[in-house]
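Enquirer: Sending over a structure as structure tokens; questions will come in a sec.
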Amino acid sequence: MTKDKKGLSALFSAKYRGRTASYTLVILAYIILEVMRASGNLSSLFTSLLVPVTCYIVAAIGLNLNVGISGELNLGQAGFMSIGAFTGICVSGRLAASVPAVPRLILAMIAGALLASLFGFIIGVPVLKLQGDYLAIVTLAFGQIIKSLITNMYLGFDENGFQFSFVENTCKLVPGGKMLLNGPMGATGTQRIATFTVGVILVLVALVIVYNLMYSKSGRAIMAARDNRIAAELIGINISATKMLAFVVSAGLAGAAGAMYGLNYSTLVPNKYDFNTSILILVYVVLGGLGNMTGTIISTVVLVLLPELLRSLQDYRMLIYAIVLIVIMLLTNNEWVRTRIKLLQKSLSGGRKASAGKEDGKEAA
């Protein structure tokens, strides 16, 4: 078999099949949506949802790393998104006069990811010593604390520099100054610079980070600690370091997604990132499959678009949405369905192996 064929077979091998499917799905979806948008076949409603969908996908991928790969229940993902969102808005607002839109968007996402990762590290030091329900409760409390803090922040800048106050607005800006954070009103007058193309690139970057981590030595250590903590400790794995790595990367991805989301709207309030948002992202992860990034992408897209598709039904749309969630949960946890999917995968992989064997025989002849 030639090197090209070996590389192709490795690309579609059982180990890397999920990664290949994720990349292919994202790239094909982007091409199709861009063609539809250019030809005018995409409604304004769906066009407005393109950037938010990419943001939720990145946040869900990050949470899946934490919940599915590391095995730690994190209910504070919305808190990390809020840190990234308002950090990105502040960075973008300060650089608006001197930096073009796309570089400013990238800088805002980097700043949001770094600050969210820093908070993830600070919170992770005490929190990751807990397990199970206790970890979930503490991360949930963290998300509520972050929301309360941002709700009481006032930040502005003028020719004299930044002005900051807490609880009460004491910022006195000279004419020409601008308020970046305005307490309960959040961020207003934000320049919308987020684009679908950058959002798709962010999704691909998130997939590259997560998959490379999963297939690395550190990723194997994370999964070993998840499967059997005591055995992992006995063979010398630093449990705290592995859990911290997954937690910080997850927080960083949520921060970048939050920055992208915040710069897609002219107004953003802190209450957007409440407990319900964390639960919603967790639902995307659970329905897509723990540790399954392709499933997470599909479930996120479906569950973000579904309420909008049902909007014409008005009072019944959330009822139908809840019923669909229950049906999906029952199907994904049904043993008969799982068995049929496994048999289908085996038959497909068997067919590929047989065709590969025939090609090897022809080459040998």
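The chains in the structure tokens are called A, B, ... from first to last as shown; in each chain the residues are counted from 1, and the ligands are counted from 1 in the order shown.
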Check the DSSP output for the backbone and give back, as a PyMOL selection string, the residues of region 149-277 of chain A in helix (DSSP H, G or I).

Expert: chain A and resi 149-151+183-185+196-214+217-227+229-234+239-262+270-272+275-277

Enquirer: Identify, on the basis of only C-alpha atoms, every residue whose closest approach to region 60-74 of chain A does not exceed 8 Å; exclude the query and any residue fewer than 2 positions from it along the same chain; express the result as an MDAnalysis selection string.

Expert: chainID A and resid 56:58 76:77 131:133 135:136 139:140 206:207 210 214 222:223 225:226 243 246:247 249:251 253:254 281:282 284:285 289:293 296:297 300

Enquirer: Compile a residue-level contact table for region 174-241 of chain A against region 25-30 of chain A at a cut-off of 9 Å, reporting for every qualifying residue the shortest atom pair and its distance in Å to one decimal, with only C-alpha atoms counted, rows ordered by chain and ascending number, as a tab-separated table.

Expert:
```
residue	atom	partner	partner_atom	distance
A:Phe196	CA	A:Tyr30	CA	8.7
A:Thr197	CA	A:Tyr30	CA	8.0
A:Val200	CA	A:Tyr30	CA	7.2
A:Val203	CA	A:Val26	CA	8.0
A:Leu204	CA	A:Val26	CA	7.6
```

Enquirer: Under the rule that only C-alpha atoms are counted, which of A:Tyr265, A:Phe119, A:Phe46, A:Phe166 is the nearest residue to Met81 (chain A)?

Expert: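 With only C-alpha atoms as the atom set, the closest residue is A:Phe119.
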
Enquirer: For the strand (DSSP E) assignment from backbone DSSP, which residues of region 75-245 of chain A qualify? Please present them as a ChimeraX atom specification.

Expert: /A:153-158,161-166,178-182

Enquirer: Can you write out the residues you just picked, keeping C-alpha atoms, as a PDB file, in the first residue's frame?

Expert:
```
ATOM      1  CA  MET A 153     -19.371  46.924  37.585  1.00  0.00           C
ATOM      2  CA  TYR A 154     -19.033  50.303  35.900  1.00  0.00           C
ATOM      3  CA  LEU A 155     -16.116  50.828  33.537  1.00  0.00           C
ATOM      4  CA  GLY A 156     -15.452  53.672  31.141  1.00  0.00           C
ATOM      5  CA  PHE A 157     -12.564  55.479  29.496  1.00  0.00           C
ATOM      6  CA  ASP A 158     -11.813  58.947  28.171  1.00  0.00           C
ATOM      7  CA  GLY A 161      -7.665  56.844  30.928  1.00  0.00           C
ATOM      8  CA  PHE A 162      -9.926  54.213  32.480  1.00  0.00           C
ATOM      9  CA  GLN A 163     -12.400  54.901  35.278  1.00  0.00           C
ATOM     10  CA  PHE A 164     -13.856  52.080  37.370  1.00  0.00           C
ATOM     11  CA  SER A 165     -16.477  51.928  40.088  1.00  0.00           C
ATOM     12  CA  PHE A 166     -18.437  49.208  41.838  1.00  0.00           C
ATOM     13  CA  LYS A 178     -17.313  56.048  26.523  1.00  0.00           C
ATOM     14  CA  MET A 179     -18.825  53.681  29.072  1.00  0.00           C
ATOM     15  CA  LEU A 180     -17.838  50.077  28.407  1.00  0.00           C
ATOM     16  CA  LEU A 181     -19.721  48.444  31.296  1.00  0.00           C
ATOM     17  CA  ASN A 182     -22.793  50.089  32.778  1.00  0.00           C
TER      18      ASN A 182
END
```

Enquirer: For the interface of region 34-57 of chain A with region 305-312 of chain A (cut-off 12 Å, counting only C-alpha atoms), please tabulate each contacting residue of region 34-57 of chain A alongside its nearest pair of atoms and their separation in Å to one decimal, rows sorted by chain and increasing number, as a Markdown table.

Expert:
```
| residue | atom | partner | partner_atom | distance |
| --- | --- | --- | --- | --- |
| A:Ser43 | CA | A:Leu309 | CA | 11.7 |
| A:Ser44 | CA | A:Glu308 | CA | 12.0 |
| A:Leu45 | CA | A:Glu308 | CA | 8.2 |
| A:Phe46 | CA | A:Leu305 | CA | 8.1 |
| A:Thr47 | CA | A:Leu305 | CA | 11.3 |
| A:Ser48 | CA | A:Leu305 | CA | 11.0 |
| A:Leu49 | CA | A:Leu305 | CA | 7.8 |
| A:Leu50 | CA | A:Leu305 | CA | 9.7 |
| A:Pro52 | CA | A:Leu305 | CA | 10.2 |
| A:Val53 | CA | A:Leu305 | CA | 8.3 |
| A:Thr54 | CA | A:Leu305 | CA | 11.9 |
| A:Tyr56 | CA | A:Leu305 | CA | 11.5 |
```

Enquirer: A:Ala231, A:Leu107, A:Ile32, A:Ala187: which is nearest Leu95 (chain A), counting only C-alpha atoms?

Expert: A:Leu107
